[in-house]
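Engineer: target-v3.cif is reproduced in full below (mmCIF, C-alpha atoms (C1' of nucleotides)).
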data_coords
#
loop_
_atom_site.label_atom_id
_atom_site.label_comp_id
_atom_site.auth_asym_id
_atom_site.auth_seq_id
_atom_site.Cartn_x
_atom_site.Cartn_y
_atom_site.Cartn_z
CA MET A 17 99.59 132.55 111.39
CA GLY A 18 99.00 133.41 107.85
CA ARG A 19 96.91 135.64 105.73
CA VAL A 20 93.87 134.58 107.65
CA LYS A 21 93.18 133.34 111.15
CA LEU A 22 92.37 129.69 110.82
CA ALA A 23 89.78 128.13 113.11
CA ILE A 24 91.08 125.05 114.88
CA LYS A 25 88.81 122.38 113.50
CA ARG A 26 89.15 119.63 110.96
CA ILE A 27 90.03 120.93 107.49
CA GLU A 28 87.45 119.28 105.29
CA ASN A 29 89.07 119.97 101.94
CA ASN A 30 91.24 116.97 101.27
CA THR A 31 94.09 118.71 99.52
CA ASN A 32 94.28 121.55 101.99
CA ARG A 33 94.35 119.12 104.87
CA HIS A 34 97.30 117.28 103.39
CA VAL A 35 99.17 120.45 102.54
CA THR A 36 98.61 121.89 105.98
CA PHE A 37 99.83 118.66 107.50
CA SER A 38 103.05 118.77 105.54
CA LYS A 39 103.76 122.32 106.56
CA ARG A 40 102.84 122.05 110.21
CA ARG A 41 104.50 118.66 110.62
CA ASN A 42 107.81 120.24 109.68
CA GLY A 43 107.19 123.13 112.01
CA LEU A 44 106.32 120.82 114.86
CA ILE A 45 109.38 118.66 114.36
CA LYS A 46 111.57 121.73 114.25
CA LYS A 47 110.11 122.97 117.51
CA ALA A 48 110.53 119.57 119.11
CA TYR A 49 114.13 119.46 117.97
CA GLU A 50 114.87 122.91 119.33
CA LEU A 51 113.27 122.08 122.66
CA SER A 52 115.25 118.87 122.99
CA VAL A 53 118.52 120.68 122.34
CA LEU A 54 117.88 123.88 124.26
CA CYS A 55 116.63 122.09 127.35
CA ASP A 56 118.63 118.89 126.91
CA ILE A 57 115.68 116.59 127.37
CA ASP A 58 114.31 113.31 126.11
CA ILE A 59 111.49 113.63 123.65
CA ALA A 60 109.57 111.38 121.31
CA LEU A 61 106.97 112.44 118.79
CA LEU A 62 104.83 110.02 116.82
CA MET A 63 102.48 111.25 114.12
CA PHE A 64 100.45 109.44 111.51
CA SER A 65 99.89 111.53 108.43
CA PRO A 66 96.43 111.84 106.86
CA SER A 67 97.71 109.22 104.44
CA ARG A 68 98.53 106.97 107.39
CA ARG A 69 102.26 107.24 107.06
CA LEU A 70 104.36 107.29 110.20
CA CYS A 71 106.24 110.50 110.95
CA PRO A 72 108.51 109.88 113.91
CA PHE A 73 110.90 112.17 115.71
CA SER A 74 113.09 111.84 118.74
CA GLY A 75 116.01 113.72 120.21
CA ARG A 76 119.28 112.25 121.35
CA HIS A 77 117.77 108.95 122.47
CA GLY A 78 115.71 107.22 119.83
CA VAL A 79 111.98 106.61 119.91
CA GLU A 80 112.30 103.16 121.48
CA ASP A 81 114.40 104.47 124.34
CA VAL A 82 111.94 107.21 125.18
CA LEU A 83 108.97 104.86 124.95
CA LEU A 84 110.74 102.41 127.24
CA ARG A 85 111.48 105.18 129.69
CA TYR A 86 107.78 105.98 129.57
CA LEU A 87 106.70 102.40 130.13
CA ASN A 88 109.21 101.87 132.91
CA MET A 89 107.83 104.69 134.99
CA SER A 90 105.65 103.82 137.92
CA ASP A 91 101.97 103.98 137.11
CA ASN A 92 101.75 106.80 139.56
CA ASP A 93 104.29 109.01 137.84
CA ARG A 94 102.99 108.16 134.40
CA GLY A 95 99.53 109.11 135.48
CA GLU A 96 97.74 106.12 134.07
CA PRO A 97 98.35 102.38 134.19
CA ILE A 98 99.27 100.62 130.95
CA GLN A 99 97.35 97.59 129.84
CA ASN A 100 99.77 95.31 128.06
CA ARG A 101 102.84 96.79 129.62
CA GLU A 102 105.00 93.68 129.59
CA TYR A 103 104.11 92.92 126.02
CA LEU A 104 104.77 96.47 124.90
CA ILE A 105 108.12 96.47 126.62
CA SER A 106 109.24 93.25 124.99
CA MET A 107 108.12 94.51 121.60
CA LEU A 108 110.05 97.71 122.04
CA GLN A 109 113.12 95.89 123.21
CA ARG A 110 113.04 93.78 120.11
CA LEU A 111 112.85 96.87 117.93
CA LYS A 112 115.62 98.47 119.90
CA ARG A 113 117.84 95.42 119.54
CA GLU A 114 117.35 95.48 115.83
CA SER A 115 118.13 99.13 115.41
CA ASP A 116 121.06 98.83 117.80
CA MET A 117 122.40 95.98 115.75
CA ALA A 118 122.11 98.04 112.64
CA THR A 119 123.92 100.88 114.34
CA GLN A 120 126.65 98.58 115.57
CA LEU A 121 127.07 97.21 112.11
CA ALA A 122 127.38 100.63 110.60
CA ASN A 123 129.74 101.81 113.31
CA PRO A 124 131.29 99.19 115.60
CA GLY A 125 132.73 101.87 117.84
CA ALA A 126 129.22 103.05 118.61
CA LEU A 127 128.89 100.27 121.12
CA ASN A 128 131.59 101.65 123.34
CA GLU A 129 130.22 105.13 122.98
CA LYS A 130 126.85 103.83 124.06
CA ILE A 131 128.35 102.26 127.14
CA GLU A 132 130.23 105.40 128.02
CA GLU A 133 127.11 107.44 127.55
CA ILE A 134 125.14 105.21 129.86
CA GLN A 135 127.85 105.31 132.48
CA LYS A 136 127.88 109.07 132.34
CA GLU A 137 124.15 109.05 132.89
CA ILE A 138 124.55 106.81 135.88
CA TYR A 139 127.21 109.00 137.42
CA ALA A 140 125.23 112.15 136.80
CA CYS A 141 122.14 110.56 138.28
CA GLN A 142 124.03 109.29 141.30
CA GLN A 143 125.52 112.69 141.97
CA GLN A 144 122.20 114.45 141.68
CA LEU A 145 120.59 111.89 143.90
CA GLN A 146 123.31 112.26 146.47
CA ILE A 147 122.89 116.02 146.50
CA SER A 148 119.14 115.77 146.82
CA GLU A 149 119.29 113.21 149.58
CA GLU A 150 121.85 115.31 151.33
CA ARG A 151 119.34 118.10 151.60
CA LEU A 152 116.68 115.73 152.76
CA ARG A 153 118.94 114.16 155.35
CA TYR A 154 116.83 115.37 158.22
CA LYS A 155 113.83 113.60 156.75
CA PRO A 156 113.26 109.85 156.57
CA ARG A 157 114.58 108.49 153.28
CA PRO A 158 112.40 106.23 151.16
CA ALA A 159 115.08 103.73 150.17
CA PRO A 160 118.86 103.47 150.06
CA PHE A 161 119.49 103.76 146.34
CA SER A 162 123.11 104.64 146.69
CA THR A 163 124.16 101.00 146.61
CA LEU A 164 122.22 100.12 143.49
CA PHE A 165 124.81 100.64 140.81
CA VAL A 166 127.94 99.03 142.10
CA ARG A 167 127.71 96.30 139.49
CA SER A 168 127.43 98.81 136.71
CA ARG A 169 130.88 100.19 137.24
CA PRO A 170 133.67 99.18 134.86
CA MET B 15 111.13 134.62 118.58
CA GLY B 16 111.86 137.07 121.24
CA ARG B 17 113.96 140.10 121.92
CA VAL B 18 117.02 138.21 120.78
CA LYS B 19 117.74 135.41 118.39
CA LEU B 20 118.59 132.40 120.49
CA ALA B 21 121.22 129.91 119.30
CA ILE B 22 119.98 126.35 119.31
CA LYS B 23 122.26 124.73 121.82
CA ARG B 24 121.93 123.59 125.40
CA ILE B 25 121.05 126.45 127.75
CA GLU B 26 123.64 126.11 130.46
CA ASN B 27 122.03 128.41 133.00
CA ASN B 28 119.90 126.14 135.09
CA THR B 29 117.07 128.55 135.75
CA ASN B 30 116.83 129.74 132.17
CA ARG B 31 116.76 126.17 130.92
CA HIS B 32 113.82 125.35 133.16
CA VAL B 33 111.95 128.53 132.27
CA THR B 34 112.47 128.03 128.57
CA PHE B 35 111.26 124.48 128.90
CA SER B 36 108.05 125.54 130.57
CA LYS B 37 107.28 128.08 127.88
CA ARG B 38 108.22 126.01 124.88
CA ARG B 39 106.58 122.88 126.23
CA ASN B 40 103.26 124.70 126.27
CA GLY B 41 103.86 126.03 122.80
CA LEU B 42 104.76 122.61 121.47
CA ILE B 43 101.72 120.96 123.00
CA LYS B 44 99.49 123.63 121.59
CA LYS B 45 100.95 123.10 118.13
CA ALA B 46 100.56 119.35 118.44
CA TYR B 47 96.96 119.82 119.50
CA GLU B 48 96.20 122.11 116.58
CA LEU B 49 97.82 119.74 114.10
CA SER B 50 95.87 116.79 115.42
CA VAL B 51 92.58 118.65 115.07
CA LEU B 52 93.20 120.47 111.80
CA CYS B 53 94.47 117.38 110.03
CA ASP B 54 92.49 114.85 112.02
CA ILE B 55 95.44 112.63 112.77
CA ASP B 56 96.82 110.41 115.52
CA ILE B 57 99.64 111.93 117.48
CA ALA B 58 101.57 111.20 120.65
CA LEU B 59 104.14 113.43 122.24
CA LEU B 60 106.28 112.39 125.18
CA MET B 61 108.66 114.78 126.89
CA PHE B 62 110.67 114.48 130.06
CA SER B 63 111.24 117.84 131.67
CA PRO B 64 114.68 118.90 132.89
CA SER B 65 113.41 117.84 136.29
CA ARG B 66 112.56 114.43 134.82
CA ARG B 67 108.85 114.87 134.99
CA LEU B 68 106.76 113.30 132.25
CA CYS B 69 104.89 115.71 130.00
CA PRO B 70 102.61 113.68 127.77
CA PHE B 71 100.22 114.72 125.07
CA SER B 72 98.06 112.86 122.64
CA GLY B 73 95.15 113.70 120.40
CA ARG B 74 91.87 111.85 120.20
CA HIS B 75 93.45 108.45 120.85
CA GLY B 76 95.60 108.30 123.95
CA VAL B 77 99.32 107.66 124.13
CA GLU B 78 98.90 103.93 124.59
CA ASP B 79 96.75 103.61 121.48
CA VAL B 80 99.24 105.50 119.36
CA LEU B 81 102.03 103.41 120.80
CA LEU B 82 100.17 100.26 119.83
CA ARG B 83 99.55 101.56 116.36
CA TYR B 84 103.25 102.24 116.10
CA LEU B 85 104.20 98.78 117.26
CA ASN B 86 101.64 97.09 115.07
CA MET B 87 103.05 98.52 111.88
CA SER B 88 105.11 96.20 109.78
CA ASP B 89 108.82 96.66 110.29
CA ASN B 90 108.92 97.88 106.77
CA ASP B 91 106.34 100.61 107.26
CA ARG B 92 107.85 101.62 110.56
CA GLY B 93 111.01 102.01 108.58
CA GLU B 94 113.51 102.55 111.30
CA PRO B 95 115.19 99.26 112.15
CA ILE B 96 116.14 98.82 108.53
CA GLN B 97 114.41 96.89 105.87
CA ASN B 98 117.06 94.44 104.78
CA ARG B 99 117.41 92.91 108.16
CA GLU B 100 118.36 89.49 106.82
CA TYR B 101 121.30 90.92 105.01
CA LEU B 102 122.48 92.89 107.98
CA ILE B 103 122.28 89.93 110.27
CA SER B 104 124.36 87.73 107.98
CA MET B 105 126.79 90.58 107.61
CA LEU B 106 126.98 90.84 111.35
CA GLN B 107 127.74 87.19 111.69
CA ARG B 108 130.56 87.39 109.19
CA LEU B 109 132.00 90.43 110.88
CA LYS B 110 132.13 88.71 114.20
CA ARG B 111 134.69 86.31 112.80
CA GLU B 112 136.98 89.00 111.55
CA SER B 113 137.05 91.81 114.01
CA ASP B 114 138.18 91.94 117.56
CA MET B 115 134.68 93.00 118.44
CA ALA B 116 134.04 89.34 117.89
CA THR B 117 133.34 88.45 121.44
CA GLN B 118 130.79 91.16 121.88
CA LEU B 119 129.10 90.72 118.56
CA ALA B 120 129.00 86.96 118.95
CA ASN B 121 126.19 87.42 121.37
CA PRO B 122 124.58 90.78 120.79
CA GLY B 123 121.46 89.68 122.58
CA ALA B 124 123.22 89.22 125.88
CA LEU B 125 124.90 92.55 125.55
CA ASN B 126 121.69 94.32 124.75
CA GLU B 127 120.00 92.65 127.65
CA LYS B 128 122.74 93.98 129.83
CA ILE B 129 122.18 97.44 128.46
CA GLU B 130 118.46 97.17 128.99
CA GLU B 131 119.03 96.10 132.54
CA ILE B 132 121.29 99.04 133.20
CA GLN B 133 118.83 101.42 131.61
CA LYS B 134 116.10 100.13 133.86
CA GLU B 135 118.30 100.98 136.79
CA ILE B 136 118.76 104.44 135.36
CA TYR B 137 115.03 104.87 135.04
CA ALA B 138 114.56 103.75 138.61
CA CYS B 139 117.26 106.12 139.76
CA GLN B 140 115.76 108.99 137.86
CA GLN B 141 112.38 108.35 139.36
CA GLN B 142 113.89 108.24 142.80
CA LEU B 143 115.66 111.47 142.00
CA GLN B 144 112.45 113.07 140.87
CA ILE B 145 110.79 112.09 144.10
CA SER B 146 113.61 113.60 146.09
CA GLU B 147 113.61 116.82 144.12
CA GLU B 148 109.88 116.93 144.35
CA ARG B 149 110.18 117.22 148.08
CA LEU B 150 112.57 120.09 147.70
CA ARG B 151 110.19 122.01 145.53
CA TYR B 152 107.48 124.47 146.37
CA LYS B 153 104.97 123.92 143.61
CA PRO B 154 104.94 120.33 142.44
CA ARG B 155 101.99 120.67 140.06
CA PRO B 156 102.64 120.72 136.32
CA ALA B 157 101.16 123.44 134.15
CA PRO B 158 97.38 123.44 134.11
CA PHE B 159 96.70 121.83 130.79
CA SER B 160 93.18 123.14 130.53
CA THR B 161 94.31 126.73 130.22
CA LEU B 162 96.44 126.06 127.17
CA PHE B 163 93.93 126.41 124.40
CA VAL B 164 91.69 129.20 125.49
CA ARG B 165 92.80 131.53 122.76
CA SER B 166 92.29 128.85 120.16
CA ARG B 167 88.61 128.67 120.76
CA PRO B 168 86.32 130.61 118.46
"C1'" DT C 29 103.64 116.47 96.99
"C1'" DT C 30 107.37 120.41 97.15
"C1'" DA C 31 109.26 125.18 96.81
"C1'" DC C 32 108.90 129.88 97.09
"C1'" DC C 33 106.43 134.38 98.18
"C1'" DT C 34 104.13 137.83 101.20
"C1'" DA C 35 100.96 139.51 104.67
"C1'" DT C 36 99.52 138.25 109.12
"C1'" DA C 37 99.12 135.54 113.14
"C1'" DT C 38 101.81 133.52 116.83
"C1'" DA C 39 105.53 132.27 119.75
"C1'" DT C 40 108.80 133.70 122.89
"C1'" DA C 41 113.41 136.07 125.21
"C1'" DA C 42 114.25 139.35 128.45
"C1'" DC C 43 112.27 141.84 132.11
"C1'" DG C 44 109.41 143.26 136.01
"C1'" DC C 45 106.36 141.48 139.84
"C1'" DT D 1 109.24 128.98 140.36
"C1'" DG D 2 104.60 131.50 138.03
"C1'" DC D 3 102.49 135.52 135.21
"C1'" DG D 4 102.00 139.69 132.39
"C1'" DT D 5 104.29 142.98 129.08
"C1'" DT D 6 106.72 144.19 124.97
"C1'" DA D 7 109.75 144.00 121.21
"C1'" DT D 8 111.31 140.69 117.88
"C1'" DA D 9 111.77 136.37 115.72
"C1'" DT D 10 109.15 132.67 113.53
"C1'" DA D 11 105.47 130.09 111.66
"C1'" DT D 12 102.21 129.72 108.28
"C1'" DA D 13 97.56 130.50 105.11
"C1'" DG D 14 96.76 131.31 100.62
"C1'" DG D 15 98.46 131.72 96.20
"C1'" DT D 16 101.59 130.63 92.37
"C1'" DA D 17 104.83 127.89 89.72
#
Represent the structure from my file as structure tokens, please.
Structural biologist:
Amino acid sequence: MGRVKLAIKRIENNTNRHVTFSKRRNGLIKKAYELSVLCDIDIALLMFSPSRRLCPFSGRHGVEDVLLRYLNMSDNDRGEPIQNREYLISMLQRLKRESDMATQLANPGALNEKIEEIQKEIYACQQQLQISEERLRYKPRPAPFSTLFVRSRP
Amino acid sequence: MGRVKLAIKRIENNTNRHVTFSKRRNGLIKKAYELSVLCDIDIALLMFSPSRRLCPFSGRHGVEDVLLRYLNMSDNDRGEPIQNREYLISMLQRLKRESDMATQLANPGALNEKIEEIQKEIYACQQQLQISEERLRYKPRPAPFSTLFVRSRP
DNA sequence: TTACCTATATATAACGC
DNA sequence: TGCGTTATATATAGGTA
């Protein structure tokens, strides 16, 4: 898109490469943002600029949350097994604790909002699951998940 | 882009939301791919579809590699959790004496662990849900990735 | 790097199968 | 759901300040 059709291969000119990165990075983040809002989904985007700087983006749920969701999937659903999974998870949890603490400091009420948000997710998930299992009733169910979240209730 | 200018807010119609996701997901991945090649950078993109399916993309280096690079940055370079952590922590400790959030803040670790635990349950529930919905679907395969970039080739 | 300015190249919303 | 078509909306290459 531009005065000329650009071939998709590494831009050798140093300045042009940096400039193009700046422009397209913004475009990509905008698109990611729009997708996350329009479709109400979790998304995380990590980029390292040509000058090695981190350019992160995530929707409603923070990079750490999305990465944890990724790591907590079964290897099967994720597609590939992760090597240092446990280590990665603990690292991410540390980061998340730190940023959560910062958030809590800045806005003590955020904690309660967080809890409410999570509970909403649980309810929504439970309802969906119930509906889905309802329709599958005539088939053998994998596992009784409906009893999993009793402890989570207020 | 389209016959009508679309407001950036959650698409409530279920079908439209899914359709829009499919289209924009492909567009976003294509853009991410082009950026990674043109600017020769590391990039990782994780999306969870409205039906909770993982849609991953990464350039030359695989999601796990990018994740590691992210985690291996210094807290400072990563930027997010806040640079003056020492200050915030001491601030936190003082606050816990004064506010009625005291009990919760006194042991943020325990609370966060609780939250992590609950989130794991959510992940598990979502996966279970995906499996159930999978069975209710006709075409379980995600978009054929290999067809995405045909036009980009010289 | 960043901002703004076109001319073009792309993406995509609504529709039809 | 998945595709192709078409009319519009956007993104952006190249240039300039």
Engineer: Once the PyMOL selection byres ((chain C) within 12 of (chain B)) is applied to the coordinates I shared, what remains selected? I want it as a ChimeraX atom specification.
Structural biologist: /C:37-43
Engineer: Which centre and edge lengths in Å to one decimal define the box along x, y and z that fits every listed atom of range 1-14 of chain D plus 4 Å per side, as AutoDock Vina command-line options?
Structural biologist:
--center_x 104.3 --center_y 136.6 --center_z 120.5 --size_x 23.0 --size_y 23.2 --size_z 47.7
Engineer: Per residue of chain B within 7 Å of chain A, which atom pair is closest and at what distance in Å (one decimal), using all atoms listed in the file, listed by chain and increasing number, as JSON lines?
Structural biologist:
{"residue": "B:Ile22", "atom": "CA", "partner": "A:Leu54", "partner_atom": "CA", "distance": 5.9}
{"residue": "B:Lys23", "atom": "CA", "partner": "A:Leu54", "partner_atom": "CA", "distance": 5.1}
{"residue": "B:Arg24", "atom": "CA", "partner": "A:Leu54", "partner_atom": "CA", "distance": 4.2}
{"residue": "B:Ile25", "atom": "CA", "partner": "A:Leu54", "partner_atom": "CA", "distance": 5.4}
{"residue": "B:Arg31", "atom": "CA", "partner": "A:Cys55", "partner_atom": "CA", "distance": 5.4}
{"residue": "B:Phe35", "atom": "CA", "partner": "A:Cys55", "partner_atom": "CA", "distance": 6.1}
{"residue": "B:Arg38", "atom": "CA", "partner": "A:Leu51", "partner_atom": "CA", "distance": 6.8}
{"residue": "B:Leu42", "atom": "CA", "partner": "A:Lys47", "partner_atom": "CA", "distance": 6.7}
{"residue": "B:Lys45", "atom": "CA", "partner": "A:Leu44", "partner_atom": "CA", "distance": 6.7}
{"residue": "B:Ala46", "atom": "CA", "partner": "A:Leu44", "partner_atom": "CA", "distance": 6.9}
{"residue": "B:Glu48", "atom": "CA", "partner": "A:Ile24", "partner_atom": "CA", "distance": 6.1}
{"residue": "B:Leu49", "atom": "CA", "partner": "A:Arg40", "partner_atom": "CA", "distance": 6.8}
{"residue": "B:Val51", "atom": "CA", "partner": "A:Arg26", "partner_atom": "CA", "distance": 5.4}
{"residue": "B:Leu52", "atom": "CA", "partner": "A:Arg26", "partner_atom": "CA", "distance": 4.2}
{"residue": "B:Cys53", "atom": "CA", "partner": "A:Arg33", "partner_atom": "CA", "distance": 5.4}
{"residue": "B:Asp54", "atom": "CA", "partner": "A:Arg26", "partner_atom": "CA", "distance": 5.9}
{"residue": "B:Ile55", "atom": "CA", "partner": "A:Pro66", "partner_atom": "CA", "distance": 6.0}
{"residue": "B:Asp56", "atom": "CA", "partner": "A:Phe64", "partner_atom": "CA", "distance": 5.5}
{"residue": "B:Ile57", "atom": "CA", "partner": "A:Met63", "partner_atom": "CA", "distance": 4.5}
{"residue": "B:Ala58", "atom": "CA", "partner": "A:Leu62", "partner_atom": "CA", "distance": 5.2}
{"residue": "B:Leu59", "atom": "CA", "partner": "A:Leu61", "partner_atom": "CA", "distance": 4.6}
{"residue": "B:Leu60", "atom": "CA", "partner": "A:Ala60", "partner_atom": "CA", "distance": 5.2}
{"residue": "B:Met61", "atom": "CA", "partner": "A:Ile59", "partner_atom": "CA", "distance": 4.5}
{"residue": "B:Phe62", "atom": "CA", "partner": "A:Asp58", "partner_atom": "CA", "distance": 5.5}
{"residue": "B:Ser63", "atom": "CA", "partner": "A:Ile57", "partner_atom": "CA", "distance": 6.3}
{"residue": "B:Pro64", "atom": "CA", "partner": "A:Ile57", "partner_atom": "CA", "distance": 6.1}
{"residue": "B:Leu68", "atom": "CA", "partner": "A:Arg94", "partner_atom": "CA", "distance": 6.7}
{"residue": "B:Arg92", "atom": "CA", "partner": "A:Leu70", "partner_atom": "CA", "distance": 6.7}
{"residue": "B:Pro95", "atom": "CA", "partner": "A:Ser115", "partner_atom": "CA", "distance": 4.4}
{"residue": "B:Leu102", "atom": "CA", "partner": "A:Ala118", "partner_atom": "CA", "distance": 7.0}
{"residue": "B:Leu106", "atom": "CA", "partner": "A:Leu121", "partner_atom": "CA", "distance": 6.4}
{"residue": "B:Asn126", "atom": "CA", "partner": "A:Arg113", "partner_atom": "CA", "distance": 6.6}
{"residue": "B:Ile136", "atom": "CA", "partner": "A:Ile138", "partner_atom": "CA", "distance": 6.3}
{"residue": "B:Tyr137", "atom": "CA", "partner": "A:Arg85", "partner_atom": "CA", "distance": 6.4}
{"residue": "B:Cys139", "atom": "CA", "partner": "A:Cys141", "partner_atom": "CA", "distance": 6.8}
{"residue": "B:Gln140", "atom": "CA", "partner": "A:Cys141", "partner_atom": "CA", "distance": 6.6}
{"residue": "B:Leu143", "atom": "CA", "partner": "A:Leu145", "partner_atom": "CA", "distance": 5.3}
{"residue": "B:Ser146", "atom": "CA", "partner": "A:Ser148", "partner_atom": "CA", "distance": 6.0}
{"residue": "B:Glu147", "atom": "CA", "partner": "A:Ser148", "partner_atom": "CA", "distance": 6.2}
{"residue": "B:Ser166", "atom": "CA", "partner": "A:Ile24", "partner_atom": "CA", "distance": 6.6}
{"residue": "B:Pro168", "atom": "CA", "partner": "A:Ala23", "partner_atom": "CA", "distance": 6.8}
Engineer: Applied to the shown file, which residues does the PyMOL selection byres ((chain D) within 7 of (chain A)) return, written as an mmCIF file with C-alpha atoms (C1' of nucleotides), keeping the file's coordinate frame?
Structural biologist:
data_model
loop_
_atom_site.group_PDB
_atom_site.id
_atom_site.type_symbol
_atom_site.label_atom_id
_atom_site.label_comp_id
_atom_site.auth_asym_id
_atom_site.auth_seq_id
_atom_site.Cartn_x
_atom_site.Cartn_y
_atom_site.Cartn_z
ATOM 1 C "C1'" DA D 11 105.470 130.090 111.660
ATOM 2 C "C1'" DT D 12 102.210 129.720 108.280
ATOM 3 C "C1'" DA D 13 97.560 130.500 105.110
ATOM 4 C "C1'" DG D 14 96.760 131.310 100.620
#
Engineer: Would you mind reading off the distance between C1' of DT8 in chain D and C1' of DA31 in chain C, one decimal, in Å?
Structural biologist: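 These two atoms are separated by 26.2 Å.
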Engineer: So what do you get for CA of Tyr103 in chain A versus CA of Glu133 in chain A, distance-wise?
Structural biologist: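 The value is 27.2 Å.
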Engineer: Give me, please, the distance in Å between C1' of DG44 in chain C and C1' of DT5 in chain D, quoted to one decimal.
Structural biologist: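 Here the two named atoms are 8.6 Å from each other.
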